[in-house]
>>> print(open('work-v3.txt').read())   # compact mmCIF, C-alpha atoms
# COMPACT_ATOMS: atom_id res chain seq x y z
CA MET Y 520 0.00 0.00 0.00
CA LYS Y 521 1.26 3.47 -0.90
CA ILE Y 522 1.39 6.12 1.81
CA THR Y 523 1.39 9.85 1.17
CA VAL Y 524 3.61 11.78 3.56
CA LYS Y 525 3.52 15.55 3.85
CA GLU Y 526 6.31 17.26 5.78
CA PHE Y 527 6.45 20.86 6.97
CA ASN Y 528 9.91 22.01 8.10
CA VAL Y 529 9.60 24.80 10.66
CA ILE Y 530 13.20 25.96 10.07
CA THR Y 531 13.13 26.31 6.29
CA GLY Y 532 9.38 26.78 5.91
CA GLU Y 533 9.46 24.19 3.13
CA GLU Y 534 6.67 21.73 2.57
CA THR Y 535 7.39 18.48 0.77
CA VAL Y 536 5.08 15.69 -0.28
CA ILE Y 537 6.27 12.20 -1.07
CA GLU Y 538 4.55 8.92 -1.81
CA ARG Y 539 6.18 5.73 -0.61
CA ASP Y 540 5.42 2.12 0.21
CA GLU Y 541 4.38 1.51 3.77
CA THR Y 542 7.07 -0.02 5.96
CA ALA Y 543 6.79 -3.48 7.48
CA ASP Y 544 6.02 -1.85 10.85
CA GLU Y 545 3.28 0.30 9.31
CA LEU Y 546 1.78 -2.70 7.52
CA LYS Y 547 1.80 -4.66 10.78
CA ALA Y 548 0.17 -1.77 12.65
CA ARG Y 549 -2.50 -1.37 9.98
CA LYS Y 550 -3.33 -5.08 10.08
CA LEU Y 551 -3.57 -4.91 13.87
CA TYR Y 552 -6.01 -2.01 13.70
CA GLU Y 553 -8.08 -3.73 11.03
CA ALA Y 554 -8.21 -6.94 13.09
CA GLU Y 555 -9.16 -4.96 16.19
CA TYR Y 556 -11.97 -3.17 14.36
CA ALA Y 557 -13.21 -6.41 12.80
CA GLU Y 558 -13.29 -8.11 16.18
CA ARG Y 559 -15.07 -5.15 17.72
CA ALA Y 560 -17.59 -5.11 14.87
CA VAL Y 561 -18.42 -8.77 15.53
CA LEU Y 562 -18.87 -8.10 19.26
CA GLN Y 563 -20.96 -5.03 18.47
CA ALA Y 564 -23.16 -7.01 16.09
CA GLU Y 565 -23.70 -9.63 18.79
CA ALA Y 566 -24.58 -6.92 21.31
CA ASP Y 567 -26.97 -5.29 18.85
CA ALA Y 568 -28.67 -8.66 18.16
CA ALA Y 569 -29.04 -9.35 21.88
CA LYS Y 570 -30.53 -5.90 22.39
CA ALA Y 571 -32.99 -6.40 19.54
CA ALA Y 572 -34.03 -9.80 20.92
CA ALA Y 573 -34.55 -8.39 24.42
CA THR Y 574 -36.54 -5.46 23.03
CA ALA Y 575 -38.75 -7.89 21.10
CA LYS Y 576 -39.38 -9.92 24.28
CA LEU Y 577 -40.35 -6.75 26.13
CA ALA Y 578 -42.71 -5.76 23.34
CA ALA Y 579 -44.33 -9.20 23.49
CA LEU Y 580 -45.03 -8.51 27.16
CA GLY Y 581 -46.43 -5.08 26.33
CA LEU Y 582 -43.43 -3.33 27.89
CA THR Y 583 -40.90 -0.80 26.64
CA THR Y 584 -37.41 0.20 27.78
CA ASP Y 585 -39.03 3.24 29.42
CA ASP Y 586 -40.99 0.84 31.64
CA LEU Y 587 -37.73 -0.74 32.74
CA LYS Y 588 -36.22 2.65 33.45
CA ALA Y 589 -39.28 3.51 35.56
CA LEU Y 590 -38.52 0.40 37.61
CA GLY Y 591 -34.95 1.53 38.05
CA LEU Y 592 -33.61 -1.30 35.90
CA MET D 746 50.87 38.78 52.43
CA SER D 747 50.86 36.03 49.81
CA VAL D 748 47.54 34.73 48.61
CA ASN D 749 48.43 31.31 50.03
CA SER D 750 48.48 32.85 53.47
CA PHE D 751 44.70 33.38 53.33
CA ASN D 752 42.82 31.07 55.65
CA ALA D 753 39.53 30.89 57.50
CA SER D 754 40.57 33.62 59.90
CA ASN D 755 42.04 35.76 57.12
CA PRO D 756 39.85 35.19 54.06
CA PRO D 757 40.47 36.91 50.67
CA LEU D 758 37.17 38.71 50.77
CA THR D 759 36.79 42.33 49.76
CA THR D 760 33.23 42.93 48.64
CA LYS D 761 29.71 42.32 49.80
CA GLY D 762 28.61 38.85 48.77
CA ASP D 763 32.12 37.52 48.19
CA LEU D 764 32.61 33.79 48.65
CA PHE D 765 35.71 32.20 50.14
CA THR D 766 36.44 29.22 47.89
CA PHE D 767 39.41 27.19 46.75
CA SER D 768 41.05 26.34 43.46
CA THR D 769 44.57 25.18 44.17
CA ILE D 770 44.81 28.03 46.61
CA PRO D 771 42.23 29.93 48.69
CA THR D 772 40.29 32.03 46.20
CA ARG D 773 37.69 34.77 46.24
CA VAL D 774 34.61 34.40 44.06
CA GLY D 775 32.73 37.65 43.73
CA VAL D 776 28.99 37.73 44.06
CA GLY D 777 27.12 37.13 40.83
CA ALA D 778 24.67 39.36 39.04
CA ASN D 779 21.19 39.78 40.46
CA ASP D 780 18.95 36.72 40.09
CA THR D 781 21.81 34.37 39.18
CA VAL D 782 22.54 31.23 41.19
CA LEU D 783 25.79 29.55 42.17
CA THR D 784 26.35 26.59 39.89
CA ALA D 785 28.98 23.85 39.80
CA ASP D 786 31.19 24.03 36.70
CA SER D 787 34.30 21.86 36.58
CA SER D 788 35.76 23.97 33.76
CA THR D 789 36.34 26.98 36.02
CA ALA D 790 39.30 27.37 38.40
CA THR D 791 37.15 27.10 41.51
CA GLY D 792 34.60 24.66 40.08
CA LEU D 793 31.92 27.32 40.55
CA LYS D 794 30.19 29.95 38.50
CA TRP D 795 27.20 32.25 38.67
CA ALA D 796 24.54 31.44 36.11
CA ALA D 797 20.94 32.16 35.29
CA PRO D 798 18.74 29.53 36.94
CA ALA D 799 17.40 26.78 34.77
CA GLY D 800 13.80 27.49 33.95
CA GLY D 801 11.48 25.95 36.49
CA GLY D 802 8.43 26.55 34.41
CA ALA D 803 7.67 25.99 30.79
CA ASN D 804 7.75 28.86 28.32
CA TRP D 805 5.62 27.70 25.42
CA THR D 806 5.69 29.00 21.88
CA LEU D 807 3.83 27.84 18.80
CA LEU D 808 6.38 26.31 16.45
CA ASN D 809 4.25 26.05 13.30
CA ALA D 810 2.60 29.43 12.96
CA GLY D 811 -1.11 29.10 12.27
CA GLY D 812 -0.90 25.34 12.55
CA THR D 813 -0.37 22.79 9.80
CA ALA D 814 -3.35 21.63 7.79
CA LEU D 815 -4.22 17.95 7.95
CA THR D 816 -5.05 17.33 4.32
CA GLY D 817 -3.81 15.40 1.33
CA ALA D 818 -1.72 12.77 3.13
CA SER D 819 -2.01 10.09 5.76
CA THR D 820 1.16 11.25 7.48
CA ILE D 821 1.59 14.94 8.25
CA THR D 822 5.00 15.74 9.73
CA VAL D 823 6.22 18.88 11.45
CA SER D 824 10.02 18.74 11.36
CA GLY D 825 12.93 20.97 12.31
CA ILE D 826 12.35 20.74 16.05
CA SER D 827 15.60 21.32 17.92
CA GLY D 828 16.69 21.89 21.50
CA LYS D 829 13.20 21.56 22.99
CA ASP D 830 12.53 19.54 26.10
CA LYS D 831 8.74 19.74 26.05
CA ILE D 832 6.46 19.32 23.06
CA MET D 833 2.70 19.72 23.06
CA VAL D 834 0.85 18.44 19.99
CA LEU D 835 -2.73 19.65 19.64
CA ILE D 836 -4.95 17.98 17.09
CA ASP D 837 -7.94 20.06 16.11
CA ASN D 838 -10.78 18.21 14.42
CA ALA D 839 -8.82 15.78 12.25
CA SER D 840 -10.92 13.89 9.73
CA GLY D 841 -10.09 11.19 7.22
CA VAL D 842 -11.27 10.55 3.69
CA SER D 843 -12.34 7.09 4.86
CA ALA D 844 -14.59 6.16 7.73
CA GLU D 845 -13.04 4.91 10.95
CA CYS D 846 -9.86 6.90 10.55
CA ASN D 847 -7.56 6.13 13.46
CA VAL D 848 -5.33 9.04 14.45
CA ASN D 849 -1.89 8.43 15.97
CA ILE D 850 1.15 10.50 16.82
CA ARG D 851 4.69 9.38 16.08
CA PHE D 852 8.10 10.92 16.73
CA ASN D 853 11.08 11.05 14.36
CA GLY D 854 9.18 8.95 11.81
CA ASP D 855 9.64 5.95 14.09
CA THR D 856 7.15 3.24 13.10
CA ALA D 857 8.51 0.54 15.43
CA ASN D 858 6.71 -0.57 18.57
CA ASN D 859 8.56 1.91 20.76
CA TYR D 860 5.51 3.67 22.20
CA TYR D 861 4.63 2.19 25.59
CA ARG D 862 1.13 2.98 26.78
CA TYR D 863 -0.88 2.60 29.94
CA GLY D 864 -4.47 3.71 30.09
CA TYR D 865 -7.88 2.99 28.68
CA TYR D 866 -10.10 3.31 25.66
CA ASN D 867 -13.80 4.05 25.28
CA TYR D 868 -15.51 2.64 22.22
CA PHE D 869 -18.92 4.15 21.56
CA GLY D 870 -20.97 1.39 20.02
CA SER D 871 -24.57 1.35 18.92
CA SER D 872 -25.39 -0.69 22.04
CA TYR D 873 -23.59 -1.71 25.18
CA ALA D 874 -21.01 -4.48 25.13
CA ALA D 875 -18.43 -5.18 27.80
CA SER D 876 -15.72 -4.81 25.19
CA ASN D 877 -16.70 -1.16 24.68
CA PHE D 878 -14.36 -0.23 27.50
CA GLY D 879 -10.95 -1.61 28.21
CA ARG D 880 -7.43 -1.06 29.30
CA LEU D 881 -4.28 -0.75 27.26
CA SER D 882 -1.01 -1.88 28.80
CA ASN D 883 1.49 -2.71 26.08
CA ASN D 884 3.59 -1.13 23.37
CA SER D 885 2.51 0.05 19.97
CA SER D 886 3.74 1.74 16.80
CA GLY D 887 2.25 5.12 17.72
CA ILE D 888 0.35 7.05 20.36
CA LEU D 889 -3.36 6.58 19.81
CA ILE D 890 -5.40 9.77 19.99
CA GLY D 891 -8.83 8.76 18.71
CA LYS D 892 -10.83 7.19 15.91
CA THR D 893 -13.67 8.62 13.87
CA SER D 894 -16.92 6.72 13.43
CA THR D 895 -18.34 4.97 10.39
CA ASP D 896 -19.65 8.38 9.40
CA GLU D 897 -16.89 9.85 7.24
CA THR D 898 -17.65 13.42 8.28
CA THR D 899 -16.68 12.87 11.91
CA GLN D 900 -13.54 14.18 13.54
CA VAL D 901 -10.90 13.52 16.18
CA ALA D 902 -9.60 16.06 18.66
CA GLY D 903 -6.94 15.53 21.28
CA TYR D 904 -3.45 16.25 22.44
CA CYS D 905 -0.15 14.69 23.40
CA LEU D 906 2.35 16.28 25.81
CA VAL D 907 5.84 14.79 25.81
CA THR D 908 8.68 15.77 28.14
CA GLY D 909 12.35 14.87 27.99
CA ALA D 910 12.22 15.35 24.22
CA ASN D 911 15.71 16.84 24.12
CA SER D 912 17.31 14.21 26.32
CA SER D 913 18.98 10.87 25.64
CA GLY D 914 16.59 9.15 28.04
CA VAL D 915 13.11 7.87 27.38
CA LYS D 916 10.46 10.48 26.65
CA VAL D 917 7.44 10.48 28.94
CA TYR D 918 4.09 11.49 27.49
CA ASN D 919 0.43 11.75 28.30
CA SER D 920 -2.32 11.97 25.75
CA VAL D 921 -6.08 12.26 25.51
CA GLY D 922 -8.36 12.26 22.51
CA GLN D 923 -11.76 11.35 21.20
CA GLY D 924 -13.46 10.74 17.90
CA SER D 925 -16.97 11.91 17.16
CA GLY D 926 -20.00 10.46 15.44
CA ASN D 927 -23.17 8.61 16.18
CA SER D 928 -21.39 5.38 17.01
CA ASP D 929 -18.24 3.39 16.33
CA HIS D 930 -15.93 6.16 17.43
CA THR D 931 -13.21 5.70 20.00
CA GLY D 932 -11.35 7.76 22.55
CA TYR D 933 -8.17 7.09 24.45
CA ALA D 934 -6.62 8.38 27.67
CA LEU D 935 -3.04 7.23 27.83
CA GLY D 936 0.24 7.85 29.55
CA GLY D 937 3.53 6.18 28.88
CA TYR D 938 6.88 6.67 27.33
CA TYR D 939 8.57 6.74 23.96
CA ASN D 940 11.48 4.34 24.22
CA SER D 941 14.19 6.08 22.23
CA SER D 942 17.54 7.64 23.07
CA SER D 943 17.25 10.07 20.15
CA THR D 944 16.14 13.62 20.73
CA ILE D 945 12.82 14.40 19.09
CA SER D 946 13.22 16.43 15.91
CA SER D 947 9.86 15.79 14.26
CA VAL D 948 6.27 15.03 15.13
CA SER D 949 3.91 13.21 12.78
CA VAL D 950 0.16 12.92 12.85
CA VAL D 951 -0.69 9.61 11.23
CA GLY D 952 -4.07 8.47 10.00
CA THR D 953 -5.23 5.11 8.75
CA SER D 954 -6.47 6.98 5.69
CA ASN D 955 -5.52 10.28 4.11
CA PHE D 956 -6.66 13.29 6.08
CA ASP D 957 -9.17 15.69 4.56
CA GLY D 958 -9.54 18.17 7.38
CA GLY D 959 -8.20 19.46 10.66
CA THR D 960 -5.11 21.20 11.96
CA VAL D 961 -2.14 20.22 14.08
CA PHE D 962 -0.50 22.78 16.33
CA VAL D 963 2.95 22.06 17.77
CA TYR D 964 3.94 24.01 20.86
CA THR D 965 7.42 23.67 22.33
CA SER D 966 9.31 24.77 25.41
CA ALA D 967 13.00 24.46 26.22
>>> encode(input="work-v3.txt", output="structure tokens")
Amino acid sequence: MKITVKEFNVITGEETVIERDETADELKARKLYEAEYAERAVLQAEADAAKAAATAKLAALGLTTDDLKALGL
Amino acid sequence: MSVNSFNASNPPLTTKGDLFTFSTIPTRVGVGANDTVLTADSSTATGLKWAAPAGGGANWTLLNAGGTALTGASTITVSGISGKDKIMVLIDNASGVSAECNVNIRFNGDTANNYYRYGYYNYFGSSYAASNFGRLSNNSSGILIGKTSTDETTQVAGYCLVTGANSSGVKVYNSVGQGSGNSDHTGYALGGYYNSSSTISSVSVVGTSNFDGGTVFVYTSA
């Protein structure tokens, strides 16, 4: 993957832009982030599904989340 | 009377504030200028000198006037830093061209896992999960500031303060930041150290996609 790097030198006032291949460290870091986000997305999807199922059960009982809040739950 | 005949009962003192010291012989050191302090200096005859006190407090100045725009690249570097012990990096509303842009800070272009971190993250999901909150206690390839949400228009704001930047020892930092958006954004509150013996000469703001908005301000103090 190509990475664009912009550098501003405060001594010379020069701004340079280069495009280079990402380093092995950068590739590793990017893969780690992607894996972390993918894992979190799976966990979030599971949490969302559990919430939807619980909300459906409440609705079947004629209750809403506001009813639970009123009970201090 | 030879100078070597000076002693504790006959010191070579002539003027208010004089100090009775020794080089290879008893020696007078005159009082220093107002607001200077007596400092050890092995290069002088007596091993002493009067000098301005080292600054106890920081004296911050903005290094990159007006800030540097975070656009057109995934790595924005402010270089040419020299002789500064403290560096404060302020990130104002950084946004990426892609959703979920993770914003990091690196020093000297160092992409190795030299950034040790201790703290926590908050992930704002669309519903609660225990994994939304957690601790970080390891090393990484940058200092995490925050991550935008799946909404591409969201932004990250935060800062990193590093001290010891002009020393050969490790550089201690603390940082806080947060992404914005309806959900899927992340914030971090970290402290730790940058494990490098090199003095810091550049600061980079690094995104997981190209930036398309925001500004980085770099303040320094000797």
>>> interface_residues(input="work-v3.txt", of="chain D", to="chain Y", cutoff="7 Å", atoms="only C-alpha atoms", output="list in words")
Leu808, Asn809, Ala818, Ser819, Thr820, Ile821, Thr822, Val823, Ser824, Gly825, Thr856, Ala857, Gly870, Ser872, Tyr873, Ala874 and Ser886 of chain D
>>> write_last_selection(input="work-v3.txt", atoms="C-alpha atoms", output="compact mmCIF listing (two decimals), keeping the file's coordinate frame")
# COMPACT_ATOMS: atom_id res chain seq x y z
CA LEU D 808 6.38 26.31 16.45
CA ASN D 809 4.25 26.05 13.30
CA ALA D 818 -1.72 12.77 3.13
CA SER D 819 -2.01 10.09 5.76
CA THR D 820 1.16 11.25 7.48
CA ILE D 821 1.59 14.94 8.25
CA THR D 822 5.00 15.74 9.73
CA VAL D 823 6.22 18.88 11.45
CA SER D 824 10.02 18.74 11.36
CA GLY D 825 12.93 20.97 12.31
CA THR D 856 7.15 3.24 13.10
CA ALA D 857 8.51 0.54 15.43
CA GLY D 870 -20.97 1.39 20.02
CA SER D 872 -25.39 -0.69 22.04
CA TYR D 873 -23.59 -1.71 25.18
CA ALA D 874 -21.01 -4.48 25.13
CA SER D 886 3.74 1.74 16.80
>>> atom_distance(input="work-v3.txt", atom1="atom CA of D:Val961", atom2="atom CA of D:Asp837")
6.1 Å
>>> atom_distance(input="work-v3.txt", atom1="atom CA of D:Asn838", atom2="atom CA of D:Gly926")
12.1 Å
>>> residues_near_point(input="work-v3.txt", point="(-1.6, 12.2, 24.8)", cutoff="12 Å", atoms="all atoms listed in the file", output="JSON, numbers by chain")
{"D": [832, 833, 834, 835, 836, 848, 849, 850, 851, 860, 861, 862, 863, 864, 865, 887, 888, 889, 890, 891, 902, 903, 904, 905, 906, 907, 908, 917, 918, 919, 920, 921, 922, 923, 932, 933, 934, 935, 936, 937, 938, 939]}
>>> atom_distance(input="work-v3.txt", atom1="atom CA of D:Ala910", atom2="atom CA of D:Asn858")
17.8 Å
>>> residues_around(input="work-v3.txt", residues="D:Thr899", least_positions_apart="5", cutoff="9 Å", atoms="all atoms listed in the file", output="mmCIF file with C-alpha atoms, in the coordinates of the input")
data_model
loop_
_atom_site.group_PDB
_atom_site.id
_atom_site.type_symbol
_atom_site.label_atom_id
_atom_site.label_comp_id
_atom_site.auth_asym_id
_atom_site.auth_seq_id
_atom_site.Cartn_x
_atom_site.Cartn_y
_atom_site.Cartn_z
ATOM 1 C CA ASN D 838 -10.780 18.210 14.420
ATOM 2 C CA ALA D 839 -8.820 15.780 12.250
ATOM 3 C CA SER D 840 -10.920 13.890 9.730
ATOM 4 C CA GLY D 841 -10.090 11.190 7.220
ATOM 5 C CA ALA D 844 -14.590 6.160 7.730
ATOM 6 C CA GLU D 845 -13.040 4.910 10.950
ATOM 7 C CA THR D 893 -13.670 8.620 13.870
ATOM 8 C CA SER D 894 -16.920 6.720 13.430
ATOM 9 C CA GLY D 924 -13.460 10.740 17.900
ATOM 10 C CA SER D 925 -16.970 11.910 17.160
ATOM 11 C CA GLY D 926 -20.000 10.460 15.440
ATOM 12 C CA ASN D 927 -23.170 8.610 16.180
ATOM 13 C CA HIS D 930 -15.930 6.160 17.430
#
>>> decode(input="work-v3.txt", residues="stretch 885-921 of chain D", atoms="N, CA and C atoms", output="short mmCIF file (atom, residue, chain, number, x, y, z; two decimals), in the first residue's frame")
data_model
loop_
_atom_site.label_atom_id
_atom_site.label_comp_id
_atom_site.auth_asym_id
_atom_site.auth_seq_id
_atom_site.Cartn_x
_atom_site.Cartn_y
_atom_site.Cartn_z
N SER D 885 3.16 -0.08 21.26
CA SER D 885 2.51 0.05 19.97
C SER D 885 3.41 0.85 19.03
N SER D 886 2.94 1.03 17.79
CA SER D 886 3.74 1.74 16.80
C SER D 886 3.39 3.22 16.72
N GLY D 887 2.60 3.71 17.68
CA GLY D 887 2.25 5.12 17.72
C GLY D 887 1.41 5.39 18.96
N ILE D 888 1.18 6.65 19.21
CA ILE D 888 0.35 7.05 20.36
C ILE D 888 -1.06 7.30 19.85
N LEU D 889 -1.99 6.46 20.26
CA LEU D 889 -3.36 6.58 19.81
C LEU D 889 -4.02 7.83 20.39
N ILE D 890 -4.68 8.58 19.54
CA ILE D 890 -5.40 9.77 19.99
C ILE D 890 -6.91 9.54 19.93
N GLY D 891 -7.40 9.01 18.83
CA GLY D 891 -8.83 8.76 18.71
C GLY D 891 -9.15 8.20 17.33
N LYS D 892 -10.40 7.76 17.19
CA LYS D 892 -10.83 7.19 15.91
C LYS D 892 -12.21 7.74 15.57
N THR D 893 -12.37 8.13 14.31
CA THR D 893 -13.67 8.62 13.87
C THR D 893 -14.64 7.45 13.71
N SER D 894 -15.91 7.77 13.54
CA SER D 894 -16.92 6.72 13.43
C SER D 894 -17.07 6.27 11.98
N THR D 895 -18.06 5.43 11.75
CA THR D 895 -18.34 4.97 10.39
C THR D 895 -18.88 6.09 9.52
N ASP D 896 -19.24 7.19 10.15
CA ASP D 896 -19.65 8.38 9.40
C ASP D 896 -18.38 9.13 8.99
N GLU D 897 -18.15 9.28 7.72
CA GLU D 897 -16.89 9.85 7.24
C GLU D 897 -16.70 11.32 7.59
N THR D 898 -17.77 11.98 7.99
CA THR D 898 -17.65 13.42 8.28
C THR D 898 -17.21 13.68 9.71
N THR D 899 -17.00 12.65 10.50
CA THR D 899 -16.68 12.87 11.91
C THR D 899 -15.20 13.19 12.09
N GLN D 900 -14.86 13.62 13.30
CA GLN D 900 -13.54 14.18 13.54
C GLN D 900 -12.94 13.66 14.84
N VAL D 901 -11.64 13.87 14.96
CA VAL D 901 -10.90 13.52 16.18
C VAL D 901 -10.22 14.77 16.70
N ALA D 902 -10.34 14.99 18.01
CA ALA D 902 -9.60 16.06 18.66
C ALA D 902 -8.85 15.47 19.85
N GLY D 903 -7.70 16.03 20.14
CA GLY D 903 -6.94 15.53 21.28
C GLY D 903 -5.58 16.17 21.36
N TYR D 904 -4.79 15.69 22.28
CA TYR D 904 -3.45 16.25 22.44
C TYR D 904 -2.49 15.20 22.96
N CYS D 905 -1.21 15.51 22.81
CA CYS D 905 -0.15 14.69 23.40
C CYS D 905 0.90 15.65 23.93
N LEU D 906 1.28 15.47 25.18
CA LEU D 906 2.35 16.28 25.81
C LEU D 906 3.50 15.34 26.14
N VAL D 907 4.66 15.63 25.57
CA VAL D 907 5.84 14.79 25.81
C VAL D 907 6.93 15.64 26.44
N THR D 908 7.58 15.08 27.46
CA THR D 908 8.68 15.77 28.14
C THR D 908 9.94 14.91 28.05
N GLY D 909 11.07 15.57 28.16
CA GLY D 909 12.35 14.87 27.99
C GLY D 909 12.70 14.71 26.53
N ALA D 910 12.05 15.50 25.66
CA ALA D 910 12.22 15.35 24.22
C ALA D 910 13.64 15.65 23.75
N ASN D 911 14.36 16.46 24.52
CA ASN D 911 15.71 16.84 24.12
C ASN D 911 16.78 16.09 24.91
N SER D 912 16.38 14.99 25.51
CA SER D 912 17.31 14.21 26.32
C SER D 912 17.64 12.88 25.63
N SER D 913 18.64 12.19 26.18
CA SER D 913 18.98 10.87 25.64
C SER D 913 18.21 9.78 26.35
N GLY D 914 17.39 10.15 27.34
CA GLY D 914 16.59 9.15 28.04
C GLY D 914 15.26 8.93 27.36
N VAL D 915 14.43 8.08 27.94
CA VAL D 915 13.11 7.87 27.38
C VAL D 915 12.29 9.15 27.51
N LYS D 916 11.28 9.28 26.66
CA LYS D 916 10.46 10.48 26.65
C LYS D 916 9.08 10.13 27.22
N VAL D 917 8.72 10.79 28.30
CA VAL D 917 7.44 10.48 28.94
C VAL D 917 6.34 11.33 28.32
N TYR D 918 5.19 10.74 28.10
CA TYR D 918 4.09 11.49 27.49
C TYR D 918 2.78 11.19 28.20
N ASN D 919 1.83 12.08 28.01
CA ASN D 919 0.43 11.75 28.30
C ASN D 919 -0.40 12.29 27.15
N SER D 920 -1.51 11.62 26.91
CA SER D 920 -2.32 11.97 25.75
C SER D 920 -3.78 11.66 26.03
N VAL D 921 -4.64 12.45 25.41
CA VAL D 921 -6.08 12.26 25.51
C VAL D 921 -6.69 12.64 24.17
#
